[in-house]
>>> print(open('model_18.cif').read())   # mmCIF, C-alpha atoms and all ligand atoms
data_model
#
loop_
_atom_site.label_atom_id
_atom_site.label_comp_id
_atom_site.auth_asym_id
_atom_site.auth_seq_id
_atom_site.Cartn_x
_atom_site.Cartn_y
_atom_site.Cartn_z
CA MET A 20 -101.66 98.90 211.43
CA SER A 21 -103.01 98.48 214.95
CA PHE A 22 -101.29 96.20 217.45
CA SER A 23 -104.30 93.86 217.51
CA SER A 24 -104.31 93.45 213.69
CA GLN A 25 -100.59 92.75 213.82
CA MET A 26 -101.21 90.07 216.44
CA SER A 27 -103.97 88.45 214.35
CA ILE A 28 -101.66 88.29 211.33
CA LEU A 29 -98.96 86.81 213.55
CA ARG A 30 -101.40 84.18 214.80
CA LEU A 31 -102.38 83.27 211.23
CA VAL A 32 -98.77 83.02 210.09
CA MET A 33 -97.44 81.07 213.07
CA HIS A 34 -99.32 77.84 212.50
CA ILE A 35 -96.30 75.51 212.68
CA TYR A 36 -95.06 76.93 215.97
CA LYS A 37 -98.63 76.78 217.25
CA SER A 38 -98.77 73.06 216.44
CA ILE A 39 -95.41 72.50 218.16
CA VAL A 40 -96.56 74.32 221.31
CA GLU A 41 -99.92 72.54 221.31
CA GLY A 42 -98.07 69.22 221.02
CA LYS A 43 -95.90 70.14 223.98
CA SER A 44 -98.81 71.23 226.14
CA LYS A 45 -100.72 68.00 225.38
CA GLY A 46 -97.58 65.89 225.82
CA THR A 47 -97.62 64.51 222.28
CA LYS A 48 -94.29 63.77 220.62
CA SER A 49 -93.17 64.40 217.04
CA LEU A 50 -90.70 63.02 214.52
CA ALA A 51 -88.81 65.15 212.00
CA VAL A 52 -87.02 63.56 209.04
CA LEU A 53 -83.88 65.50 208.16
CA ILE A 54 -83.00 65.60 204.48
CA ASP A 55 -79.54 66.96 203.71
CA PRO A 56 -79.49 68.11 200.06
CA ASP A 57 -75.76 67.30 199.94
CA LYS A 58 -76.18 63.69 200.94
CA VAL A 59 -79.50 62.60 199.49
CA LYS A 60 -79.92 61.57 195.87
CA LEU A 61 -82.91 63.30 194.29
CA ALA A 62 -84.16 59.87 193.22
CA ASN A 63 -84.20 58.76 196.89
CA VAL A 64 -86.22 61.76 198.04
CA ASN A 65 -89.41 60.18 196.64
CA LYS A 66 -88.90 57.01 198.67
CA ILE A 67 -88.07 58.87 201.88
CA VAL A 68 -91.11 61.14 201.45
CA ALA A 69 -93.44 58.24 200.58
CA ASN A 70 -92.29 56.35 203.68
CA ALA A 71 -92.67 59.48 205.80
CA ILE A 72 -96.25 59.99 204.61
CA ARG A 73 -97.11 56.35 205.38
CA ALA A 74 -95.51 56.64 208.82
CA ASN A 75 -97.31 59.91 209.72
CA VAL A 76 -94.07 61.82 210.17
CA ASP A 77 -94.70 65.32 211.51
CA TYR A 78 -92.05 67.50 209.84
CA PHE A 79 -89.31 67.53 207.24
CA PHE A 80 -86.18 69.44 208.16
CA VAL A 81 -84.07 70.32 205.12
CA GLY A 82 -80.48 71.52 205.34
CA GLY A 83 -76.90 70.66 206.18
CA SER A 84 -73.68 72.24 207.40
CA LEU A 85 -72.54 72.79 203.83
CA ILE A 86 -74.46 72.91 200.60
CA LEU A 87 -72.11 71.70 197.91
CA ASN A 88 -74.52 70.86 195.15
CA ASN A 89 -77.03 73.73 195.00
CA MET A 90 -79.93 71.28 195.29
CA LEU A 91 -81.79 72.97 198.14
CA ASP A 92 -84.64 74.39 196.05
CA GLN A 93 -85.02 71.19 194.06
CA VAL A 94 -85.20 69.05 197.18
CA VAL A 95 -87.76 71.37 198.81
CA ASP A 96 -89.85 71.47 195.62
CA ARG A 97 -89.78 67.69 195.27
CA ILE A 98 -91.02 67.23 198.85
CA LYS A 99 -93.71 69.88 198.45
CA ALA A 100 -94.89 68.32 195.18
CA ILE A 101 -95.78 65.01 196.79
CA SER A 102 -96.56 65.71 200.43
CA GLU A 103 -98.32 68.13 202.74
CA ILE A 104 -95.98 67.51 205.67
CA PRO A 105 -94.53 70.90 206.70
CA VAL A 106 -91.03 71.57 205.35
CA ILE A 107 -88.80 73.45 207.79
CA LEU A 108 -85.41 74.77 206.69
CA PHE A 109 -82.52 73.85 209.00
CA PRO A 110 -79.85 76.11 207.53
CA GLY A 111 -76.13 75.58 208.03
CA ASN A 112 -75.45 79.08 206.76
CA SER A 113 -77.21 82.21 205.53
CA PHE A 114 -77.27 81.02 201.90
CA GLN A 115 -79.57 78.14 202.72
CA ILE A 116 -82.90 79.83 202.18
CA SER A 117 -85.60 78.46 199.93
CA TYR A 118 -88.72 80.61 199.72
CA ASN A 119 -90.72 77.49 198.83
CA ALA A 120 -90.38 75.90 202.26
CA ASP A 121 -92.97 76.52 205.00
CA ALA A 122 -90.73 77.68 207.83
CA ILE A 123 -87.14 78.22 208.86
CA LEU A 124 -85.29 77.51 212.08
CA PHE A 125 -83.79 80.94 212.78
CA LEU A 126 -80.90 79.49 214.74
CA SER A 127 -78.79 81.27 217.30
CA LEU A 128 -75.85 79.07 218.33
CA ILE A 129 -76.17 79.76 222.05
CA SER A 130 -73.80 76.97 223.14
CA GLY A 131 -70.95 78.77 221.35
CA ARG A 132 -69.27 82.14 221.60
CA ASN A 133 -69.09 82.92 217.90
CA ALA A 134 -70.75 86.33 217.57
CA GLU A 135 -71.52 85.78 213.88
CA LEU A 136 -73.64 82.73 214.70
CA LEU A 137 -75.25 84.34 217.73
CA ILE A 138 -76.46 87.46 215.89
CA GLY A 139 -74.19 88.51 212.97
CA LYS A 140 -75.57 86.27 210.19
CA HIS A 141 -79.10 87.02 211.37
CA VAL A 142 -78.66 90.73 210.67
CA VAL A 143 -77.63 89.91 207.09
CA THR A 144 -80.44 87.40 206.57
CA ALA A 145 -83.32 89.26 208.25
CA PRO A 146 -84.31 91.46 205.27
CA TYR A 147 -84.45 88.42 202.96
CA LEU A 148 -86.60 86.53 205.40
CA LYS A 149 -88.87 89.54 205.86
CA GLN A 150 -89.73 89.39 202.15
CA SER A 151 -90.58 85.70 202.31
CA ASN A 152 -93.67 83.86 203.48
CA LEU A 153 -91.54 81.60 205.64
CA GLU A 154 -92.66 81.17 209.22
CA ILE A 155 -89.70 82.19 211.38
CA LEU A 156 -89.03 79.82 214.26
CA SER A 157 -86.54 81.46 216.59
CA THR A 158 -84.45 78.63 217.95
CA GLY A 159 -81.66 78.40 220.51
CA TYR A 160 -79.25 75.90 218.96
CA MET A 161 -77.15 73.98 221.48
CA LEU A 162 -74.38 71.76 220.24
CA VAL A 163 -73.62 68.91 222.66
CA ASP A 164 -70.59 66.64 222.37
CA GLY A 165 -71.52 63.43 220.53
CA GLY A 166 -68.16 61.71 220.87
CA THR A 167 -66.66 62.77 217.57
CA PRO A 168 -65.81 66.09 215.90
CA THR A 169 -68.75 67.00 213.64
CA THR A 170 -68.94 69.24 210.58
CA VAL A 171 -71.04 71.71 212.53
CA SER A 172 -68.50 72.08 215.37
CA TYR A 173 -65.69 72.55 212.83
CA MET A 174 -67.63 74.97 210.61
CA SER A 175 -69.00 76.99 213.53
CA ASN A 176 -65.63 77.12 215.25
CA THR A 177 -67.33 76.41 218.57
CA THR A 178 -66.82 73.87 221.33
CA PRO A 179 -69.84 71.65 222.07
CA ILE A 180 -71.20 71.41 225.62
CA PRO A 181 -69.77 68.24 227.24
CA ASN A 182 -72.42 65.49 227.34
CA ASN A 183 -71.66 64.87 231.04
CA LYS A 184 -72.10 68.52 232.08
CA PRO A 185 -75.87 68.93 232.22
CA ASP A 186 -75.55 72.03 234.44
CA ILE A 187 -73.94 73.97 231.59
CA ALA A 188 -76.71 72.84 229.26
CA VAL A 189 -79.41 73.79 231.79
CA CYS A 190 -78.00 77.30 232.34
CA THR A 191 -77.59 77.81 228.58
CA ALA A 192 -81.16 76.64 227.94
CA MET A 193 -82.57 78.90 230.68
CA ALA A 194 -80.69 81.89 229.26
CA GLY A 195 -81.99 81.11 225.75
CA GLU A 196 -85.55 80.97 227.03
CA MET A 197 -85.13 84.20 229.01
CA LEU A 198 -83.83 85.89 225.85
CA GLY A 199 -87.13 85.00 224.18
CA LEU A 200 -86.04 82.15 221.92
CA SER A 201 -89.17 80.15 221.21
CA GLN A 202 -87.67 76.65 221.22
CA LEU A 203 -84.37 74.86 221.83
CA TYR A 204 -82.56 72.39 219.56
CA LEU A 205 -80.12 70.12 221.40
CA ASP A 206 -77.94 68.59 218.69
CA ALA A 207 -75.05 66.13 218.95
CA GLY A 208 -74.43 66.84 215.24
CA SER A 209 -75.05 64.71 212.22
CA GLY A 210 -73.36 61.30 212.46
CA ALA A 211 -72.58 61.70 216.17
CA LYS A 212 -71.06 58.57 217.72
CA HIS A 213 -73.45 58.70 220.64
CA THR A 214 -76.69 60.55 221.25
CA ILE A 215 -77.19 63.28 223.84
CA SER A 216 -77.51 61.70 227.30
CA GLU A 217 -80.96 61.17 228.72
CA ASP A 218 -79.80 62.80 231.95
CA LEU A 219 -78.88 66.03 230.14
CA ILE A 220 -82.15 66.05 228.15
CA ALA A 221 -84.22 65.41 231.28
CA LYS A 222 -82.52 68.19 233.24
CA VAL A 223 -82.88 70.72 230.41
CA SER A 224 -86.47 69.71 229.78
CA SER A 225 -87.46 70.19 233.41
CA SER A 226 -85.76 73.61 233.58
CA VAL A 227 -87.52 75.39 230.70
CA ASN A 228 -91.04 75.58 229.27
CA VAL A 229 -90.22 75.99 225.58
CA PRO A 230 -90.34 72.97 223.21
CA ILE A 231 -87.18 70.84 223.01
CA ILE A 232 -85.91 69.38 219.74
CA VAL A 233 -83.23 66.66 219.99
CA GLY A 234 -81.10 65.15 217.22
CA GLY A 235 -77.74 63.74 216.28
CA GLY A 236 -76.70 60.09 216.10
CA ILE A 237 -80.16 58.59 216.68
CA LYS A 238 -80.13 55.25 214.85
CA THR A 239 -82.65 53.00 216.55
CA PRO A 240 -86.30 53.24 217.66
CA LYS A 241 -85.16 52.30 221.18
CA GLN A 242 -82.83 55.32 221.33
CA ALA A 243 -85.60 57.57 219.99
CA ASN A 244 -88.01 56.29 222.61
CA SER A 245 -85.53 56.84 225.46
CA ILE A 246 -84.90 60.40 224.30
CA ILE A 247 -88.63 61.10 224.06
CA THR A 248 -89.15 59.63 227.53
CA ALA A 249 -86.35 61.85 228.87
CA GLY A 250 -88.32 64.92 227.79
CA ALA A 251 -87.67 65.74 224.12
CA ASP A 252 -90.72 67.00 222.21
CA ILE A 253 -89.38 66.53 218.67
CA ILE A 254 -86.83 63.94 217.53
CA VAL A 255 -84.73 64.62 214.41
CA VAL A 256 -83.22 61.76 212.41
CA GLY A 257 -81.15 62.17 209.25
CA ASN A 258 -78.28 59.75 208.58
CA ALA A 259 -80.10 56.60 209.69
CA PHE A 260 -82.95 57.26 207.22
CA GLU A 261 -80.56 58.09 204.41
CA SER A 262 -78.97 54.65 204.82
CA ASP A 263 -82.30 52.87 205.40
CA PRO A 264 -85.51 54.73 204.47
CA ASP A 265 -87.52 51.69 205.62
CA LEU A 266 -86.53 52.50 209.21
CA ILE A 267 -88.87 55.53 209.16
CA MET A 268 -91.95 53.46 210.06
CA ASP A 269 -90.41 51.79 213.15
CA MET A 270 -88.90 55.06 214.32
CA SER A 271 -92.23 56.83 213.93
CA VAL A 272 -94.04 54.14 215.93
CA ALA A 273 -91.44 54.48 218.71
CA VAL A 274 -91.78 58.28 218.83
CA HIS A 275 -95.58 58.38 218.58
CA GLN A 276 -96.45 55.33 220.69
CA GLU A 277 -97.59 57.26 223.76
CA ASN A 278 -99.51 59.89 221.78
CA ARG A 279 -102.68 57.84 221.49
CA ASN A 280 -102.96 57.60 225.29
CA VAL A 281 -102.42 61.34 225.62
CA ILE A 282 -105.09 62.25 223.07
CA SER A 283 -107.77 59.81 224.27
C1 LIG B 1 -78.08 66.69 212.79
O1 LIG B 1 -79.78 66.42 214.41
C2 LIG B 1 -79.42 66.15 213.10
O2 LIG B 1 -78.03 68.06 212.90
C3 LIG B 1 -79.57 64.69 212.72
O3 LIG B 1 -78.43 63.94 212.98
O4 LIG B 1 -77.98 62.78 210.81
O5 LIG B 1 -77.03 61.90 212.97
O6 LIG B 1 -79.48 61.72 212.48
P1 LIG B 1 -78.24 62.50 212.28
#
>>> encode(input="model_18.cif", output="structure tokens")
Amino acid sequence: MSFSSQMSILRLVMHIYKSIVEGKSKGTKSLAVLIDPDKVKLANVNKIVANAIRANVDYFFVGGSLILNNMLDQVVDRIKAISEIPVILFPGNSFQISYNADAILFLSLISGRNAELLIGKHVVTAPYLKQSNLEILSTGYMLVDGGTPTTVSYMSNTTPIPNNKPDIAVCTAMAGEMLGLSQLYLDAGSGAKHTISEDLIAKVSSSVNVPIIVGGGIKTPKQANSIITAGADIIVVGNAFESDPDLIMDMSVAVHQENRNVIS
């Protein structure tokens, strides 16, 4: 196959990344609802998805640090059955692959020094992903201290970047971009006591060109709006929506409120 045909196939396949990059270049902001198959009851998925559709949510992220109940496929299928919002896997380990999702965050834990999570697991997973139709979103995953030990820091055996050390985050982000990672995910971890500081987000955002995803501990529309204003392109919220699915609408309004001005 010629290089140009390969590139056209790549362009066809990479429609989610294309929409993320277009959003970034226009300055529009997005909201992702995180559904953790371990925490959510299947019966609640319908309500979360219905609220997300009404609120014009941009993406579903599905995954968690552990998968205890083997519900990943069922949760993905339930979402896909009732909505057209793209479903992106956010895997906590190499077992968390559902071929029925639209894309996968192919995460390299660049804030840590655990070789398995930088490249080892990827070598094992690559042939499975190659056989799938999943869009692969190479993502530099940066764990930032959210004020409490999280499952992800324990499971990954890595130390998060201190929230008050933006220089470390900036250098890590620049290195991730130079290595060719196509986006960065700054995560304080699910259930973080406090969100990633606006100062750190702003400094990272102004140091790289790739899209920035931010999550962990976001509970209020005000917090989401401050994080967006600091420079995040996509906000991820999980826990807060699991406790109160009706919060999705207000959070979506807060994230999307400037988009209308950008588009018009
Ligand atoms: C965790 O960024 C996500 O990896 C979302 O965190 O569940 O605290 O919203 P919360």
>>> atom_distance(input="model_18.cif", atom1="CA of Asn176 (chain A)", atom2="CA of Leu91 (chain A)")
23.9 Å
>>> closest_residue(input="model_18.cif", among="A:Lys212, A:His34, A:Lys184, A:Lys48", to="ligand LIG 1 (chain B)", atoms="all atoms listed in the file")
A:Lys212
>>> closest_residue(input="model_18.cif", among="A:Lys149, A:Lys60, A:Lys238, A:Lys37", to="ligand LIG 1 (chain B)", atoms="all atoms listed in the file")
A:Lys238
>>> closest_residue(input="model_18.cif", among="A:Ser216, A:Ser172, A:Ser102, A:Thr178", to="ligand LIG 1 (chain B)", atoms="all atoms listed in the file")
A:Ser172
>>> closest_residue(input="model_18.cif", among="A:Pro56, A:Gly208, A:Pro240, A:Gly234", to="Asp96 (chain A)", atoms="all atoms listed in the file")
A:Pro56
>>> residues_around(input="model_18.cif", residues="region 138-143 of chain A", least_positions_apart="6", cutoff="9 Å", atoms="only C-alpha atoms", output="PyMOL selection string")
chain A and resi 112-113+125-128
>>> closest_residue(input="model_18.cif", among="A:Ser130, A:Ala194, A:Val227, A:Glu277", to="Asp206 (chain A)", atoms="only C-alpha atoms")
A:Ser130
>>> closest_residue(input="model_18.cif", among="A:Glu261, A:Asp92, A:Asp77, A:Glu196", to="ligand LIG 1 (chain B)", atoms="all atoms listed in the file")
A:Glu261
>>> residues_near_ligand(input="model_18.cif", ligand="ligand LIG 1 (chain B)", cutoff="7 Å", atoms="all atoms listed in the file", output="count of residues only")
18
>>> residues_around(input="model_18.cif", residues="region 243-247 of chain A", least_positions_apart="3", cutoff="12 Å", atoms="only C-alpha atoms", output="number ranges by chain")
A: 43, 46-51, 205, 214-221, 224, 231-240, 250-256, 259, 266-267, 269-278
>>> write_last_selection(input="model_18.cif", atoms="C-alpha atoms", output="mmCIF file, in the coordinates of the input")
data_model
loop_
_atom_site.group_PDB
_atom_site.id
_atom_site.type_symbol
_atom_site.label_atom_id
_atom_site.label_comp_id
_atom_site.auth_asym_id
_atom_site.auth_seq_id
_atom_site.Cartn_x
_atom_site.Cartn_y
_atom_site.Cartn_z
ATOM 1 C CA LYS A 43 -95.900 70.140 223.980
ATOM 2 C CA GLY A 46 -97.580 65.890 225.820
ATOM 3 C CA THR A 47 -97.620 64.510 222.280
ATOM 4 C CA LYS A 48 -94.290 63.770 220.620
ATOM 5 C CA SER A 49 -93.170 64.400 217.040
ATOM 6 C CA LEU A 50 -90.700 63.020 214.520
ATOM 7 C CA ALA A 51 -88.810 65.150 212.000
ATOM 8 C CA LEU A 205 -80.120 70.120 221.400
ATOM 9 C CA THR A 214 -76.690 60.550 221.250
ATOM 10 C CA ILE A 215 -77.190 63.280 223.840
ATOM 11 C CA SER A 216 -77.510 61.700 227.300
ATOM 12 C CA GLU A 217 -80.960 61.170 228.720
ATOM 13 C CA ASP A 218 -79.800 62.800 231.950
ATOM 14 C CA LEU A 219 -78.880 66.030 230.140
ATOM 15 C CA ILE A 220 -82.150 66.050 228.150
ATOM 16 C CA ALA A 221 -84.220 65.410 231.280
ATOM 17 C CA SER A 224 -86.470 69.710 229.780
ATOM 18 C CA ILE A 231 -87.180 70.840 223.010
ATOM 19 C CA ILE A 232 -85.910 69.380 219.740
ATOM 20 C CA VAL A 233 -83.230 66.660 219.990
ATOM 21 C CA GLY A 234 -81.100 65.150 217.220
ATOM 22 C CA GLY A 235 -77.740 63.740 216.280
ATOM 23 C CA GLY A 236 -76.700 60.090 216.100
ATOM 24 C CA ILE A 237 -80.160 58.590 216.680
ATOM 25 C CA LYS A 238 -80.130 55.250 214.850
ATOM 26 C CA THR A 239 -82.650 53.000 216.550
ATOM 27 C CA PRO A 240 -86.300 53.240 217.660
ATOM 28 C CA GLY A 250 -88.320 64.920 227.790
ATOM 29 C CA ALA A 251 -87.670 65.740 224.120
ATOM 30 C CA ASP A 252 -90.720 67.000 222.210
ATOM 31 C CA ILE A 253 -89.380 66.530 218.670
ATOM 32 C CA ILE A 254 -86.830 63.940 217.530
ATOM 33 C CA VAL A 255 -84.730 64.620 214.410
ATOM 34 C CA VAL A 256 -83.220 61.760 212.410
ATOM 35 C CA ALA A 259 -80.100 56.600 209.690
ATOM 36 C CA LEU A 266 -86.530 52.500 209.210
ATOM 37 C CA ILE A 267 -88.870 55.530 209.160
ATOM 38 C CA ASP A 269 -90.410 51.790 213.150
ATOM 39 C CA MET A 270 -88.900 55.060 214.320
ATOM 40 C CA SER A 271 -92.230 56.830 213.930
ATOM 41 C CA VAL A 272 -94.040 54.140 215.930
ATOM 42 C CA ALA A 273 -91.440 54.480 218.710
ATOM 43 C CA VAL A 274 -91.780 58.280 218.830
ATOM 44 C CA HIS A 275 -95.580 58.380 218.580
ATOM 45 C CA GLN A 276 -96.450 55.330 220.690
ATOM 46 C CA GLU A 277 -97.590 57.260 223.760
ATOM 47 C CA ASN A 278 -99.510 59.890 221.780
#
